[in-house]
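Peer 1: This one is target13.tsv, TSV, C-alpha atoms (C1' of nucleotides).
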```
chain	number	residue	atom	x	y	z
J	512	MET	CA	1.10	26.74	92.48
J	513	LYS	CA	3.14	26.43	89.32
J	514	LEU	CA	5.58	23.54	89.51
J	515	ASP	CA	7.85	25.15	86.91
J	516	GLY	CA	9.55	21.97	85.85
J	517	VAL	CA	9.74	20.60	89.39
J	518	PRO	CA	8.94	16.89	88.92
J	519	LEU	CA	6.09	15.66	91.08
J	520	ASN	CA	3.89	12.59	90.81
J	521	LEU	CA	1.21	13.12	93.42
J	522	ASP	CA	-0.50	9.76	92.85
J	523	VAL	CA	2.66	7.74	93.44
J	524	THR	CA	3.85	9.95	96.28
J	525	LEU	CA	0.62	9.54	98.23
J	526	CYS	CA	-0.03	5.85	97.61
J	527	CYS	CA	3.49	4.37	97.85
J	528	GLY	CA	3.15	3.48	101.52
J	529	GLN	CA	5.04	6.30	103.22
J	530	VAL	CA	1.84	8.04	104.41
J	531	PHE	CA	-1.30	6.17	105.35
J	532	ARG	CA	-4.07	8.69	105.72
J	533	TRP	CA	-4.62	10.14	102.24
J	534	ASP	CA	-7.54	9.22	100.01
J	535	LYS	CA	-8.32	10.10	96.42
J	536	LYS	CA	-11.87	11.21	95.68
J	537	GLY	CA	-12.34	12.19	92.07
J	538	ASP	CA	-9.14	13.93	91.05
J	539	TRP	CA	-8.54	15.45	94.48
J	540	TRP	CA	-6.42	13.86	97.19
J	541	TYR	CA	-7.82	14.48	100.67
J	542	GLY	CA	-5.69	14.24	103.77
J	543	VAL	CA	-5.03	15.71	107.18
J	544	ALA	CA	-1.75	17.44	107.83
J	545	GLY	CA	-0.60	20.42	109.80
J	546	GLY	CA	-3.58	19.96	112.10
J	547	LYS	CA	-6.31	20.33	109.47
J	548	ALA	CA	-7.88	18.66	106.49
J	549	LEU	CA	-6.66	19.75	103.08
J	550	LYS	CA	-6.94	18.65	99.48
J	551	VAL	CA	-4.46	18.68	96.63
J	552	ARG	CA	-4.55	17.83	92.95
J	553	GLN	CA	-2.19	18.02	90.05
J	554	VAL	CA	-3.26	19.56	86.77
J	555	SER	CA	-0.61	19.62	84.05
J	556	GLY	CA	2.34	21.41	85.59
J	557	GLU	CA	0.28	22.98	88.30
J	558	LEU	CA	-0.28	21.88	91.89
J	559	GLU	CA	-3.65	23.01	93.20
J	560	PHE	CA	-4.59	22.88	96.85
J	561	ALA	CA	-7.20	24.13	99.28
J	562	ASN	CA	-7.30	24.79	103.02
J	563	ALA	CA	-3.52	25.06	103.30
J	564	ASP	CA	-0.95	27.72	102.56
J	565	ALA	CA	1.63	27.44	99.81
J	566	LYS	CA	4.62	27.33	102.13
J	567	PHE	CA	3.19	24.37	104.02
J	568	VAL	CA	2.39	22.47	100.82
J	569	GLU	CA	5.86	23.14	99.45
J	570	THR	CA	7.52	21.87	102.61
J	571	TYR	CA	5.18	18.92	103.19
J	572	PHE	CA	5.67	17.53	99.69
J	573	GLY	CA	9.40	18.17	99.76
J	574	LEU	CA	9.30	20.28	96.62
J	575	ASP	CA	12.62	21.83	97.59
J	576	ASP	CA	14.39	18.51	97.12
J	577	ASP	CA	16.21	18.57	93.79
J	578	LEU	CA	14.97	15.36	92.22
J	579	GLN	CA	17.33	15.63	89.24
J	580	GLU	CA	20.32	15.86	91.53
J	581	ILE	CA	19.00	13.04	93.72
J	582	SER	CA	18.37	10.85	90.69
J	583	ALA	CA	21.88	11.45	89.38
J	584	ALA	CA	23.32	10.63	92.80
J	585	VAL	CA	21.44	7.36	93.44
J	586	GLY	CA	21.17	6.12	89.84
J	587	ARG	CA	24.02	3.69	90.26
J	588	ASP	CA	22.71	0.76	88.20
J	589	GLU	CA	20.08	-0.15	85.66
J	590	HIS	CA	17.61	-1.51	88.19
J	591	ILE	CA	17.34	1.64	90.28
J	592	ARG	CA	17.31	3.73	87.11
J	593	GLN	CA	14.34	1.70	85.87
J	594	ALA	CA	12.49	2.34	89.15
J	595	LEU	CA	13.31	6.06	88.86
J	596	ARG	CA	11.92	6.17	85.33
J	597	GLU	CA	8.82	4.18	86.16
J	598	PHE	CA	7.79	6.27	89.17
J	599	TRP	CA	9.46	9.56	88.32
J	600	GLY	CA	8.13	12.32	90.52
J	601	LEU	CA	7.80	10.24	93.69
J	602	ARG	CA	8.90	12.45	96.54
J	603	ILE	CA	9.64	11.84	100.20
J	604	ILE	CA	6.98	13.61	102.22
J	605	ARG	CA	7.94	15.59	105.32
J	606	GLN	CA	5.51	14.11	107.82
J	607	ASP	CA	4.88	15.23	111.34
J	608	PRO	CA	7.40	13.28	113.47
J	609	TRP	CA	4.90	12.34	116.16
J	610	GLU	CA	2.34	10.91	113.75
J	611	CYS	CA	5.13	9.23	111.84
J	612	LEU	CA	6.55	7.58	114.96
J	613	ILE	CA	3.22	6.15	116.07
J	614	SER	CA	2.36	5.14	112.50
J	615	TYR	CA	5.49	3.06	112.09
J	616	ILE	CA	5.24	1.50	115.54
J	617	CYS	CA	1.82	0.33	114.36
J	618	ALA	CA	3.22	-0.70	110.99
J	619	THR	CA	5.40	-3.50	112.34
J	620	TYR	CA	4.48	-6.90	110.96
J	621	LYS	CA	1.35	-5.58	109.19
J	622	ASN	CA	0.35	-4.94	105.61
J	623	ILE	CA	-0.57	-1.49	104.39
J	624	PRO	CA	-4.38	-1.87	104.29
J	625	ALA	CA	-4.31	-3.06	107.90
J	626	ILE	CA	-2.06	-0.16	108.91
J	627	ARG	CA	-4.44	2.30	107.28
J	628	HIS	CA	-7.31	0.75	109.21
J	629	MET	CA	-5.48	1.04	112.55
J	630	LEU	CA	-4.54	4.68	112.01
J	631	LEU	CA	-8.02	5.61	110.83
J	632	SER	CA	-9.49	3.99	113.94
J	633	LEU	CA	-7.00	5.76	116.22
J	634	SER	CA	-7.72	9.11	114.61
J	635	SER	CA	-11.49	8.85	114.61
J	636	LYS	CA	-11.47	7.68	118.22
J	637	PHE	CA	-8.94	10.12	119.69
J	638	GLY	CA	-8.46	12.91	117.14
J	639	GLU	CA	-10.37	16.14	116.58
J	640	LYS	CA	-13.14	16.11	114.01
J	641	THR	CA	-12.84	18.56	111.14
J	642	VAL	CA	-14.92	19.02	108.01
J	643	LEU	CA	-13.91	19.76	104.44
J	644	ASP	CA	-16.23	19.72	101.44
J	645	GLY	CA	-18.93	18.22	103.63
J	646	MET	CA	-16.76	15.24	104.59
J	647	GLU	CA	-15.51	14.41	108.05
J	648	PHE	CA	-11.82	14.07	108.80
J	649	PHE	CA	-9.91	13.60	112.02
J	650	THR	CA	-6.61	15.08	113.09
J	651	PHE	CA	-4.01	12.67	114.36
J	652	PRO	CA	-4.43	12.36	118.14
J	653	ALA	CA	-2.07	14.47	120.25
J	654	PRO	CA	0.40	12.69	122.59
J	655	GLU	CA	-1.83	13.69	125.51
J	656	LYS	CA	-4.78	11.84	124.00
J	657	LEU	CA	-2.95	8.57	123.37
J	658	ALA	CA	-1.11	8.79	126.69
J	659	GLY	CA	-4.52	8.94	128.38
J	660	ALA	CA	-5.97	6.03	126.45
J	661	THR	CA	-6.51	2.62	127.97
J	662	ALA	CA	-5.02	-0.55	126.54
J	663	LYS	CA	-8.57	-1.68	125.84
J	664	ASP	CA	-9.24	1.46	123.75
J	665	LEU	CA	-6.16	0.78	121.67
J	666	LEU	CA	-6.94	-2.90	121.25
J	667	GLU	CA	-10.32	-1.91	119.86
J	668	CYS	CA	-8.46	0.02	117.18
J	669	GLY	CA	-6.89	-3.22	116.07
J	670	LEU	CA	-3.40	-2.55	117.38
J	671	GLY	CA	-2.95	-5.98	118.92
J	672	TYR	CA	0.37	-6.43	120.69
J	673	ARG	CA	1.42	-2.95	119.49
J	674	ALA	CA	-1.06	-1.34	121.91
J	675	LYS	CA	1.30	-1.44	124.86
J	676	TYR	CA	4.15	0.03	122.80
J	677	VAL	CA	1.99	2.92	121.59
J	678	LEU	CA	0.80	3.55	125.13
J	679	GLU	CA	4.27	3.45	126.64
J	680	THR	CA	5.81	5.66	123.96
J	681	SER	CA	2.93	8.14	124.11
J	682	LYS	CA	3.27	8.45	127.87
J	683	ARG	CA	6.99	9.07	127.64
J	684	ILE	CA	6.57	11.73	124.97
J	685	PHE	CA	3.71	13.43	126.78
J	686	GLU	CA	5.07	13.30	130.32
J	687	ASN	CA	8.54	14.47	129.34
J	688	ASP	CA	7.19	16.96	126.82
J	689	PHE	CA	9.64	15.35	124.41
J	690	GLU	CA	10.20	17.34	121.25
J	691	LEU	CA	10.84	14.82	118.47
J	692	ALA	CA	11.58	17.58	115.96
J	693	SER	CA	14.66	18.53	117.96
J	694	LEU	CA	16.27	15.29	116.76
J	695	ARG	CA	16.64	16.95	113.37
J	696	GLN	CA	19.66	18.74	114.73
J	697	LEU	CA	21.49	15.52	115.55
J	698	PRO	CA	23.47	13.57	112.97
J	699	TYR	CA	21.84	10.40	111.63
J	700	GLU	CA	23.47	7.86	113.95
J	701	GLN	CA	22.85	9.83	117.13
J	702	ALA	CA	19.25	10.62	116.25
J	703	LYS	CA	18.67	6.94	115.44
J	704	LYS	CA	20.03	5.86	118.80
J	705	GLN	CA	17.66	8.24	120.58
J	706	ILE	CA	14.58	7.09	118.65
J	707	CYS	CA	15.40	3.43	119.29
J	708	ARG	CA	14.93	4.07	123.00
J	709	PHE	CA	11.16	4.31	122.58
J	710	ALA	CA	9.09	1.19	123.19
J	711	GLY	CA	8.26	-0.71	120.04
J	712	VAL	CA	10.97	1.07	118.08
J	713	GLY	CA	13.88	-0.83	116.60
J	714	PRO	CA	16.28	0.08	113.80
J	715	LYS	CA	13.73	-0.28	111.00
J	716	VAL	CA	11.04	1.89	112.60
J	717	ALA	CA	13.71	4.42	113.55
J	718	ASP	CA	14.93	4.60	109.95
J	719	CYS	CA	11.38	5.25	108.74
J	720	VAL	CA	10.90	8.08	111.22
J	721	LEU	CA	14.28	9.57	110.31
J	722	LEU	CA	13.56	9.41	106.58
J	723	PHE	CA	9.90	10.35	106.48
J	724	SER	CA	9.77	13.01	109.16
J	725	LEU	CA	13.20	14.20	110.23
J	726	GLY	CA	14.82	14.96	106.91
J	727	LYS	CA	17.50	12.26	107.10
J	728	THR	CA	17.58	11.31	103.42
J	729	GLU	CA	20.48	8.93	104.04
J	730	ALA	CA	18.27	6.63	106.17
J	731	PHE	CA	17.64	3.32	104.40
J	732	PRO	CA	14.82	1.31	106.04
J	733	VAL	CA	15.07	-2.42	105.37
J	734	ASP	CA	11.79	-4.34	105.50
J	735	ARG	CA	10.68	-7.61	103.86
J	736	TRP	CA	10.26	-5.90	100.50
J	737	ILE	CA	13.69	-4.31	100.55
J	738	GLU	CA	15.15	-7.66	101.62
J	739	ARG	CA	13.54	-9.06	98.48
J	740	VAL	CA	14.96	-6.25	96.34
J	741	ILE	CA	18.45	-6.85	97.69
J	742	LEU	CA	18.12	-10.60	97.26
J	743	ASN	CA	16.97	-10.23	93.65
J	744	HIS	CA	19.24	-7.45	92.46
J	745	TYR	CA	22.07	-6.65	94.86
J	746	VAL	CA	22.91	-9.93	96.54
J	747	GLU	CA	26.31	-10.18	94.85
J	748	LYS	CA	27.35	-7.01	96.62
J	749	LEU	CA	26.89	-8.61	100.04
J	750	PRO	CA	29.22	-10.86	102.04
J	751	PRO	CA	28.45	-14.52	101.09
J	752	GLU	CA	27.20	-15.58	104.51
J	753	LEU	CA	24.74	-12.71	104.65
J	754	ALA	CA	23.59	-13.45	101.11
J	755	GLN	CA	22.93	-17.06	102.07
J	756	LYS	CA	20.97	-16.01	105.13
J	757	LEU	CA	18.85	-13.69	103.02
J	758	ASN	CA	18.16	-16.59	100.67
J	759	GLN	CA	16.75	-18.67	103.50
J	760	ARG	CA	14.20	-15.94	104.26
J	761	VAL	CA	14.82	-16.16	107.99
J	762	GLY	CA	14.27	-13.26	110.36
J	763	LEU	CA	17.04	-10.72	110.49
J	764	THR	CA	19.08	-10.17	113.61
J	765	ASN	CA	20.03	-6.63	114.55
J	766	SER	CA	23.49	-7.12	113.14
J	767	ASP	CA	22.06	-8.42	109.85
J	768	TYR	CA	19.85	-5.37	109.70
J	769	ALA	CA	22.81	-3.10	110.34
J	770	LYS	CA	24.73	-4.69	107.48
J	771	LEU	CA	21.90	-4.37	104.95
J	772	ASN	CA	21.24	-0.83	106.12
J	773	LEU	CA	24.90	0.07	105.75
J	774	PHE	CA	25.00	-1.47	102.28
J	775	GLY	CA	22.14	0.80	101.21
J	776	ARG	CA	23.69	3.90	102.66
J	777	GLU	CA	27.15	3.24	101.22
J	778	TYR	CA	25.97	2.09	97.81
J	779	PHE	CA	23.36	4.81	97.17
J	780	GLY	CA	24.94	7.58	99.23
J	781	GLU	CA	23.45	10.60	100.94
J	782	TYR	CA	20.05	10.15	99.26
J	783	ALA	CA	19.78	6.43	99.94
J	784	GLY	CA	16.32	6.96	101.40
J	785	TYR	CA	15.01	8.14	98.06
J	786	ALA	CA	16.50	5.08	96.37
J	787	GLN	CA	14.87	2.92	99.01
J	788	GLU	CA	11.41	4.37	98.42
J	789	TYR	CA	11.61	4.01	94.63
J	790	LEU	CA	12.87	0.43	94.99
J	791	TYR	CA	10.24	-0.40	97.60
J	792	HIS	CA	7.38	0.82	95.46
J	793	TYR	CA	8.79	-0.74	92.30
J	794	GLU	CA	9.05	-4.12	94.02
J	795	ARG	CA	5.53	-3.90	95.44
J	796	MET	CA	4.04	-2.98	92.09
J	797	LYS	CA	5.66	-5.92	90.27
J	798	THR	CA	3.24	-8.50	91.68
N	472	DT	C1'	-7.70	-22.38	105.31
N	473	DT	C1'	-3.20	-20.95	105.29
N	474	DC	C1'	0.27	-17.67	104.72
N	475	DC	C1'	2.18	-13.36	105.48
N	476	DA	C1'	2.76	-8.64	106.88
N	477	DG	C1'	7.11	-1.39	106.21
N	478	DG	C1'	9.68	-6.01	113.29
N	479	DG	C1'	10.55	-5.83	118.05
N	480	DA	C1'	11.06	-7.64	122.68
N	481	DG	C1'	12.02	-11.25	125.93
N	482	DT	C1'	14.70	-15.14	127.16
N	483	DA	C1'	18.21	-18.60	127.17
N	484	DT	C1'	22.74	-19.57	125.74
T	1479	DA	C1'	26.82	-10.88	120.90
T	1480	DT	C1'	23.70	-14.55	118.92
T	1481	DA	C1'	19.72	-17.74	118.30
T	1482	DC	C1'	15.12	-18.81	119.17
T	1483	DT	C1'	10.37	-17.70	120.24
T	1484	DC	C1'	6.29	-15.24	120.81
T	1485	DC	C1'	3.46	-11.56	119.74
T	1486	DA	C1'	-2.54	-9.98	117.99
T	1487	DT	C1'	-4.83	-9.14	113.93
T	1488	DG	C1'	-6.52	-8.78	109.30
T	1489	DG	C1'	-5.74	-8.87	104.21
T	1490	DA	C1'	-4.92	-11.78	100.27
```
Output the file's structure in the form of structure tokens.
Peer 2:
Amino acid sequence: MKLDGVPLNLDVTLCCGQVFRWDKKGDWWYGVAGGKALKVRQVSGELEFANADAKFVETYFGLDDDLQEISAAVGRDEHIRQALREFWGLRIIRQDPWECLISYICATYKNIPAIRHMLLSLSSKFGEKTVLDGMEFFTFPAPEKLAGATAKDLLECGLGYRAKYVLETSKRIFENDFELASLRQLPYEQAKKQICRFAGVGPKVADCVLLFSLGKTEAFPVDRWIERVILNHYVEKLPPELAQKLNQRVGLTNSDYAKLNLFGREYFGEYAGYAQEYLYHYERMKT
DNA sequence: TTCCAGGGAGTAT
DNA sequence: ATACTCCATGGA
């Protein structure tokens, strides 16, 4: 597939912490999406792929997002512009909402290597095996599979206290035949309120699901790294008492979260989620 | 060994 | 509404 001047940096996009189940072997990235294993690689202005159709690849990697327009919209200061330059071509991937929801419930209070380990364990234990290029891959387990798991099964995958949240949320989705994708049709605030009703889901997890799987580019997830970014570069734009609280590195209350989240959305605008992901990766790569 | 992690829920004010 | 506490595990 010719990219025809469409900026894409596959390496950054797949390793910046928005998706957890892609691996690079040689110059190919291998992953499982759309229910099967596929591989993609980028060769000078061309995106090559196998075991997937072009339409899926285009949608999954968000190639229809106009990165130039997004960059112009969010490039409000020198710091974000530096992040945009450094990691130009990073795109927000359109993940499957179900996998995304479970992934970010698991992601709470964990670092990325540990999250990858949990999701790999879950998939190999409850997913369907599939083979590509002689290597084994596993689809992400369907709601039915996780809803039927025991707490012990999930604990063995390393989920810890998250096991009961994954179990409870899986049961609700499976038993009610809940269609997460239908939340796309709701405006940001309403969709967020609905997602927050699931066990183990608060405002941060909800923002991740909205941004990474439901097309809400205005979502602005605030985690420890983004707190750090705001503290180091945007603190003067906050109310003094919130700035001081951020300085003390104490846990955020829901109202603190709402204020930081609102700052991001108002300052960066309708593509705040893109700004967030560039800033997040930039901050993580600094140390 | 100690600290920290893509936070959220439960409980007491 | 707000503050405080606990949570289960593994990477650095």
Peer 1: Based on all atoms listed in the file, which of the residues in chain N come within 9 Å of chain J? I want them as a list in words.
Peer 2: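 Result: DC475, DA476, DG477, DG478, DG479 and DA480 of chain N.
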Peer 1: Pick out the chain T residues within 8 Å of chain J. Count only C-alpha atoms (C1' of nucleotides). Give them as a PyMOL selection string.
Peer 2: chain T and resi 1485-1489
Peer 1: Can you measure CA of Ala594 (chain J) to CA of Tyr789 (chain J) for me? One decimal in Å is fine.
Peer 2: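 Value for the CA of Ala594 (chain J)-CA of Tyr789 (chain J) distance: 5.8 Å.
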Peer 1: Could you tell me, as a PyMOL selection string, which residues have any atom at most 12 Å from (17.0, 5.4, 118.3), counting all atoms listed in the file?
Peer 2: chain J and resi 612+691+694+697-721
Peer 1: Expressed in Å to a single decimal, how great is the separation between CA of Gly537 (chain J) and CA of Arg552 (chain J)?
Peer 2: 9.7 Å
Peer 1: As a CSV table (one decimal), in the frame of the given file, could you write out region 582-611 of chain J once it has been completed with N, CA and C atoms?
Peer 2:
```csv
chain,number,residue,atom,x,y,z
J,582,SER,N,18.4,11.9,91.7
J,582,SER,CA,18.4,10.8,90.7
J,582,SER,C,19.8,10.6,90.2
J,583,ALA,N,20.5,11.6,89.9
J,583,ALA,CA,21.9,11.4,89.4
J,583,ALA,C,22.8,10.8,90.4
J,584,ALA,N,22.5,11.1,91.7
J,584,ALA,CA,23.3,10.6,92.8
J,584,ALA,C,23.0,9.2,93.1
J,585,VAL,N,21.8,8.7,93.1
J,585,VAL,CA,21.4,7.4,93.4
J,585,VAL,C,21.4,6.4,92.2
J,586,GLY,N,21.3,7.0,91.0
J,586,GLY,CA,21.2,6.1,89.8
J,586,GLY,C,22.4,5.3,89.5
J,587,ARG,N,22.8,4.4,90.4
J,587,ARG,CA,24.0,3.7,90.3
J,587,ARG,C,24.0,2.5,89.3
J,588,ASP,N,22.8,2.0,89.0
J,588,ASP,CA,22.7,0.8,88.2
J,588,ASP,C,21.4,0.8,87.4
J,589,GLU,N,21.2,-0.2,86.5
J,589,GLU,CA,20.1,-0.2,85.7
J,589,GLU,C,18.8,-0.4,86.4
J,590,HIS,N,18.8,-1.2,87.5
J,590,HIS,CA,17.6,-1.5,88.2
J,590,HIS,C,17.0,-0.3,88.9
J,591,ILE,N,17.9,0.4,89.6
J,591,ILE,CA,17.3,1.6,90.3
J,591,ILE,C,16.9,2.7,89.2
J,592,ARG,N,17.7,2.8,88.1
J,592,ARG,CA,17.3,3.7,87.1
J,592,ARG,C,15.9,3.4,86.5
J,593,GLN,N,15.7,2.1,86.4
J,593,GLN,CA,14.3,1.7,85.9
J,593,GLN,C,13.2,2.1,86.8
J,594,ALA,N,13.5,1.9,88.1
J,594,ALA,CA,12.5,2.3,89.2
J,594,ALA,C,12.3,3.9,89.1
J,595,LEU,N,13.4,4.6,88.9
J,595,LEU,CA,13.3,6.1,88.9
J,595,LEU,C,12.5,6.5,87.7
J,596,ARG,N,12.7,5.8,86.5
J,596,ARG,CA,11.9,6.2,85.3
J,596,ARG,C,10.4,5.9,85.5
J,597,GLU,N,10.2,4.7,86.0
J,597,GLU,CA,8.8,4.2,86.2
J,597,GLU,C,8.0,5.1,87.1
J,598,PHE,N,8.6,5.5,88.2
J,598,PHE,CA,7.8,6.3,89.2
J,598,PHE,C,8.3,7.7,89.4
J,599,TRP,N,8.8,8.2,88.3
J,599,TRP,CA,9.5,9.6,88.3
J,599,TRP,C,8.5,10.6,88.9
J,600,GLY,N,9.0,11.3,89.9
J,600,GLY,CA,8.1,12.3,90.5
J,600,GLY,C,7.7,11.9,91.9
J,601,LEU,N,8.0,10.7,92.3
J,601,LEU,CA,7.8,10.2,93.7
J,601,LEU,C,8.7,11.1,94.6
J,602,ARG,N,8.1,11.6,95.6
J,602,ARG,CA,8.9,12.4,96.5
J,602,ARG,C,8.7,11.9,98.0
J,603,ILE,N,9.7,12.2,98.8
J,603,ILE,CA,9.6,11.8,100.2
J,603,ILE,C,8.9,13.0,100.9
J,604,ILE,N,7.8,12.6,101.5
J,604,ILE,CA,7.0,13.6,102.2
J,604,ILE,C,7.6,13.9,103.6
J,605,ARG,N,7.5,15.2,104.0
J,605,ARG,CA,7.9,15.6,105.3
J,605,ARG,C,6.8,15.5,106.3
J,606,GLN,N,6.6,14.3,106.9
J,606,GLN,CA,5.5,14.1,107.8
J,606,GLN,C,5.8,14.7,109.2
J,607,ASP,N,4.7,14.8,109.9
J,607,ASP,CA,4.9,15.2,111.3
J,607,ASP,C,5.6,14.1,112.1
J,608,PRO,N,6.6,14.4,112.8
J,608,PRO,CA,7.4,13.3,113.5
J,608,PRO,C,6.6,12.4,114.4
J,609,TRP,N,5.7,13.1,115.2
J,609,TRP,CA,4.9,12.3,116.2
J,609,TRP,C,4.0,11.3,115.5
J,610,GLU,N,3.2,11.8,114.5
J,610,GLU,CA,2.3,10.9,113.8
J,610,GLU,C,3.1,9.8,113.1
J,611,CYS,N,4.3,10.2,112.5
J,611,CYS,CA,5.1,9.2,111.8
J,611,CYS,C,5.6,8.1,112.8
```
